[in-house]
Amino acid sequence: MTVDTRAGHIAMLLFSVLVAGAFALGALAANDISPFAYNAVRFWIAAVIIGCVVALRGGVPRAAYDAPWRYFVLAGVFTIYFVLMLEGLKTAPSVSAAALFTLTPLLTAMFGWILLRQGVTARIALALTVGAFGAIWVIFRADLQAILQFDVGQGEAIYFIGCISHAIYTPLVRLLNRGESALVFTFGTLTAGAVILTAFGLPAIIATPWMALSGTVWVAIIYTAIFASAATFTLLQFASLRLPSSKVMAYTYLTPAWVIVWDMALGGVAPPVAVGLGVAVTCIALLLLLRD
């Protein structure tokens, strides 16, 4: 394993922890604020933070201004994901949503082949299938009858569309990057995303009673802006330039386990043992995917 490859794995491990916090906190704030208003603020905050870091490291190189449409394409895909995530969390339990997120490696592998012609081995295909079964078990709350009837909740259905957007994003980073550093590329994507969210969500932003929002909502906004936007965007783009798309998204299999930890830390209770079995299966899929 090269130094670059090892760094990519470490980045995605940290990514999985930080993303899990967004599910746990987002579920607490989802019903108190518009998804557009919530995400517009977090994107602007994250863009300012990353922009300051980029400025301290020499600023944006002139070459990064070439083809600015690239940032808007990436941002468009990712803003769809974040808006639908918060919309889905209005009714979907955070652990179920996190389990849905673990379906993104399967989708990412598919889009990786379409956009980059990145193939998958039989072992990776097996791992993706195992992970998908584990995710389905958690999404349907270990209810075999619900699985057979495909009785999926509205929140889960909404969020799944967002997961498709997230899966497209990973191979797009490698396709559209022209040598820019992860920080510069992240800054461009966040800024474009903030513009898109503000343009489409202006009525909701104006209508939001910002001074009356609860402390929980503000904690969720600040956390997701700093750790689940600025940090995870950078980590994801850093790893996407060093690892195959399927391995990058393999770390999403850890998300349900981390969400359980987050939920319990925030005062929640552990899910039933039967649901925990599905989480364990997704972790097995992670180990299969990470083997060389």
# chains A, B, ... in the order shown; residues from 1 in each chain; ligands from 1
call {"tool": "residues_around", "arguments": {"residues": "A:Gly162", "least_positions_apart": "4", "cutoff": "8 Å", "atoms": "only C-alpha atoms", "output": "number ranges by chain"}}
result
A: 80-85, 158, 166
call {"tool": "residues_around", "arguments": {"residues": "A:Ala40", "least_positions_apart": "4", "cutoff": "12 Å", "atoms": "only C-alpha atoms", "output": "ChimeraX atom specification"}}
result
/A:33-36,44-47,75,79-80,82-83,190-206,208,221-222,224-225,229
call {"tool": "write_last_selection", "arguments": {"atoms": "N, CA and C atoms", "output": "mmCIF file, in the first residue's frame"}}
result
data_model
loop_
_atom_site.group_PDB
_atom_site.id
_atom_site.type_symbol
_atom_site.label_atom_id
_atom_site.label_comp_id
_atom_site.auth_asym_id
_atom_site.auth_seq_id
_atom_site.Cartn_x
_atom_site.Cartn_y
_atom_site.Cartn_z
ATOM 1 N N ILE A 33 -36.830 23.370 10.176
ATOM 2 C CA ILE A 33 -36.288 24.334 9.218
ATOM 3 C C ILE A 33 -36.376 23.760 7.811
ATOM 4 N N SER A 34 -36.534 24.633 6.826
ATOM 5 C CA SER A 34 -36.584 24.201 5.435
ATOM 6 C C SER A 34 -35.235 23.600 5.015
ATOM 7 N N PRO A 35 -35.249 22.495 4.262
ATOM 8 C CA PRO A 35 -33.991 21.913 3.789
ATOM 9 C C PRO A 35 -33.158 22.891 2.970
ATOM 10 N N PHE A 36 -33.814 23.776 2.198
ATOM 11 C CA PHE A 36 -33.075 24.743 1.393
ATOM 12 C C PHE A 36 -32.399 25.787 2.278
ATOM 13 N N TRP A 44 -22.696 28.205 2.723
ATOM 14 C CA TRP A 44 -21.993 29.488 2.782
ATOM 15 C C TRP A 44 -20.933 29.484 3.881
ATOM 16 N N ILE A 45 -21.293 28.944 5.052
ATOM 17 C CA ILE A 45 -20.321 28.880 6.152
ATOM 18 C C ILE A 45 -19.128 28.021 5.761
ATOM 19 N N ALA A 46 -19.418 26.862 5.181
ATOM 20 C CA ALA A 46 -18.350 25.954 4.770
ATOM 21 C C ALA A 46 -17.471 26.580 3.690
ATOM 22 N N ALA A 47 -18.101 27.296 2.746
ATOM 23 C CA ALA A 47 -17.338 27.940 1.670
ATOM 24 C C ALA A 47 -16.400 29.010 2.229
ATOM 25 N N ALA A 75 -21.640 20.712 -7.796
ATOM 26 C CA ALA A 75 -22.468 21.276 -6.737
ATOM 27 C C ALA A 75 -23.944 20.935 -6.939
ATOM 28 N N THR A 79 -25.907 19.205 -3.991
ATOM 29 C CA THR A 79 -26.977 19.922 -3.294
ATOM 30 C C THR A 79 -28.284 19.131 -3.337
ATOM 31 N N ILE A 80 -28.523 18.421 -4.434
ATOM 32 C CA ILE A 80 -29.700 17.544 -4.499
ATOM 33 C C ILE A 80 -29.633 16.519 -3.369
ATOM 34 N N PHE A 82 -28.043 16.693 -0.422
ATOM 35 C CA PHE A 82 -28.222 17.248 0.918
ATOM 36 C C PHE A 82 -29.658 17.718 1.180
ATOM 37 N N VAL A 83 -30.292 18.296 0.183
ATOM 38 C CA VAL A 83 -31.673 18.735 0.357
ATOM 39 C C VAL A 83 -32.587 17.538 0.579
ATOM 40 N N LEU A 190 -18.226 24.133 -3.133
ATOM 41 C CA LEU A 190 -19.041 24.693 -2.048
ATOM 42 C C LEU A 190 -19.626 26.050 -2.429
ATOM 43 N N THR A 191 -18.816 26.888 -3.056
ATOM 44 C CA THR A 191 -19.299 28.216 -3.459
ATOM 45 C C THR A 191 -20.417 28.088 -4.486
ATOM 46 N N ALA A 192 -20.213 27.223 -5.465
ATOM 47 C CA ALA A 192 -21.252 27.002 -6.475
ATOM 48 C C ALA A 192 -22.507 26.440 -5.829
ATOM 49 N N GLY A 193 -22.345 25.533 -4.867
ATOM 50 C CA GLY A 193 -23.491 24.959 -4.176
ATOM 51 C C GLY A 193 -24.253 25.996 -3.372
ATOM 52 N N ALA A 194 -23.524 26.898 -2.715
ATOM 53 C CA ALA A 194 -24.176 27.957 -1.945
ATOM 54 C C ALA A 194 -24.995 28.873 -2.855
ATOM 55 N N VAL A 195 -24.455 29.181 -4.035
ATOM 56 C CA VAL A 195 -25.176 30.018 -4.998
ATOM 57 C C VAL A 195 -26.439 29.316 -5.474
ATOM 58 N N ILE A 196 -26.329 28.035 -5.806
ATOM 59 C CA ILE A 196 -27.482 27.268 -6.291
ATOM 60 C C ILE A 196 -28.573 27.206 -5.221
ATOM 61 N N LEU A 197 -28.197 26.875 -3.991
ATOM 62 C CA LEU A 197 -29.173 26.746 -2.909
ATOM 63 C C LEU A 197 -29.840 28.079 -2.589
ATOM 64 N N THR A 198 -29.069 29.162 -2.640
ATOM 65 C CA THR A 198 -29.636 30.488 -2.375
ATOM 66 C C THR A 198 -30.619 30.876 -3.473
ATOM 67 N N ALA A 199 -30.264 30.597 -4.723
ATOM 68 C CA ALA A 199 -31.139 30.950 -5.846
ATOM 69 C C ALA A 199 -32.455 30.191 -5.792
ATOM 70 N N PHE A 200 -32.390 28.893 -5.531
ATOM 71 C CA PHE A 200 -33.607 28.080 -5.527
ATOM 72 C C PHE A 200 -34.365 28.150 -4.201
ATOM 73 N N GLY A 201 -33.662 28.472 -3.123
ATOM 74 C CA GLY A 201 -34.312 28.468 -1.817
ATOM 75 C C GLY A 201 -34.538 29.832 -1.218
ATOM 76 N N LEU A 202 -34.436 30.910 -2.024
ATOM 77 C CA LEU A 202 -34.566 32.260 -1.482
ATOM 78 C C LEU A 202 -35.880 32.482 -0.730
ATOM 79 N N PRO A 203 -37.042 32.064 -1.268
ATOM 80 C CA PRO A 203 -38.287 32.256 -0.500
ATOM 81 C C PRO A 203 -38.243 31.578 0.871
ATOM 82 N N ALA A 204 -37.719 30.355 0.922
ATOM 83 C CA ALA A 204 -37.644 29.640 2.197
ATOM 84 C C ALA A 204 -36.656 30.309 3.148
ATOM 85 N N ILE A 205 -35.559 30.841 2.586
ATOM 86 C CA ILE A 205 -34.565 31.515 3.420
ATOM 87 C C ILE A 205 -35.166 32.775 4.047
ATOM 88 N N ILE A 206 -35.903 33.523 3.248
ATOM 89 C CA ILE A 206 -36.526 34.756 3.750
ATOM 90 C C ILE A 206 -37.588 34.438 4.799
ATOM 91 N N THR A 208 -37.724 31.946 6.889
ATOM 92 C CA THR A 208 -37.236 31.253 8.078
ATOM 93 C C THR A 208 -37.040 32.228 9.246
ATOM 94 N N ILE A 221 -26.662 22.970 12.264
ATOM 95 C CA ILE A 221 -26.181 23.770 11.137
ATOM 96 C C ILE A 221 -24.666 23.968 11.222
ATOM 97 N N ILE A 222 -24.181 24.364 12.390
ATOM 98 C CA ILE A 222 -22.752 24.618 12.560
ATOM 99 C C ILE A 222 -21.946 23.334 12.376
ATOM 100 N N THR A 224 -22.785 20.567 10.688
ATOM 101 C CA THR A 224 -22.789 20.096 9.300
ATOM 102 C C THR A 224 -22.002 21.037 8.386
ATOM 103 N N ALA A 225 -21.983 22.333 8.713
ATOM 104 C CA ALA A 225 -21.223 23.283 7.899
ATOM 105 C C ALA A 225 -19.724 23.019 8.009
ATOM 106 N N SER A 229 -19.607 19.289 5.921
ATOM 107 C CA SER A 229 -19.544 19.948 4.614
ATOM 108 C C SER A 229 -18.096 20.266 4.270
#
call {"tool": "closest_residue", "arguments": {"among": "A:Ala7, A:Met12, A:Ala142, A:Ala135", "to": "A:Pro272", "atoms": "only C-alpha atoms"}}
result
A:Ala142
call {"tool": "select_by_dssp", "arguments": {"residues": "stretch 76-269 of chain A", "states": "alpha helix (DSSP H)", "output": "ChimeraX atom specification"}}
result
/A:76-88,94-101,104-116,122-139,144-149,154-176,182-207,215-225,232-240,245-250,255-265
call {"tool": "closest_residue", "arguments": {"among": "A:Leu266, A:Ala274, A:Val217, A:Ala230", "to": "A:Ala29", "atoms": "only C-alpha atoms"}}
result
A:Val217
call {"tool": "residues_around", "arguments": {"residues": "stretch 277-292 of chain A", "least_positions_apart": "2", "cutoff": "10 Å", "atoms": "only C-alpha atoms", "output": "MDAnalysis selection string"}}
result
chainID A and resid 1 9 95 98:99 102:103 105 121 123:139 141:142 246:258 260 272:275
call {"tool": "atom_distance", "arguments": {"atom1": "atom CA of A:Phe187", "atom2": "atom CA of A:Gly51"}}
result
5.9 Å
call {"tool": "closest_residue", "arguments": {"among": "A:Val54, A:Gln154, A:Ser94, A:Arg62", "to": "A:Ala270", "atoms": "only C-alpha atoms"}}
result
A:Ser94
call {"tool": "atom_distance", "arguments": {"atom1": "atom CA of A:Ile161", "atom2": "atom CA of A:Met110"}}
result
15.2 Å
call {"tool": "closest_residue", "arguments": {"among": "A:Leu213, A:Leu74, A:Ala207, A:Leu183", "to": "A:Ala55", "atoms": "only C-alpha atoms"}}
result
A:Leu183
call {"tool": "closest_residue", "arguments": {"among": "A:Gly188, A:Gly58, A:Gly88, A:Pro244", "to": "A:Gly26", "atoms": "only C-alpha atoms"}}
result
A:Gly88
call {"tool": "decode", "arguments": {"residues": "stretch 10-36 of chain A", "atoms": "C-alpha atoms", "output": "short mmCIF file (atom, residue, chain, number, x, y, z; two decimals), in the first residue's frame"}}
result
data_model
loop_
_atom_site.label_atom_id
_atom_site.label_comp_id
_atom_site.auth_asym_id
_atom_site.auth_seq_id
_atom_site.Cartn_x
_atom_site.Cartn_y
_atom_site.Cartn_z
CA ILE A 10 -7.53 7.34 6.59
CA ALA A 11 -9.44 10.23 5.02
CA MET A 12 -12.47 8.02 4.32
CA LEU A 13 -12.44 6.52 7.82
CA LEU A 14 -12.70 10.02 9.27
CA PHE A 15 -15.31 10.83 6.61
CA SER A 16 -17.55 7.99 7.85
CA VAL A 17 -17.46 9.27 11.44
CA LEU A 18 -18.26 12.86 10.48
CA VAL A 19 -21.04 11.91 8.05
CA ALA A 20 -22.73 9.81 10.75
CA GLY A 21 -22.98 12.90 12.94
CA ALA A 22 -24.86 14.70 10.17
CA PHE A 23 -27.52 11.97 10.19
CA ALA A 24 -27.94 12.03 13.95
CA LEU A 25 -28.07 15.82 14.28
CA GLY A 26 -29.97 16.33 11.02
CA ALA A 27 -32.77 14.09 12.25
CA LEU A 28 -33.15 16.33 15.33
CA ALA A 29 -33.39 19.52 13.23
CA ALA A 30 -35.14 18.32 10.07
CA ASN A 31 -38.69 19.26 11.10
CA ASP A 32 -37.79 22.74 12.35
CA ILE A 33 -36.29 24.33 9.22
CA SER A 34 -36.58 24.20 5.44
CA PRO A 35 -33.99 21.91 3.79
CA PHE A 36 -33.07 24.74 1.39
#
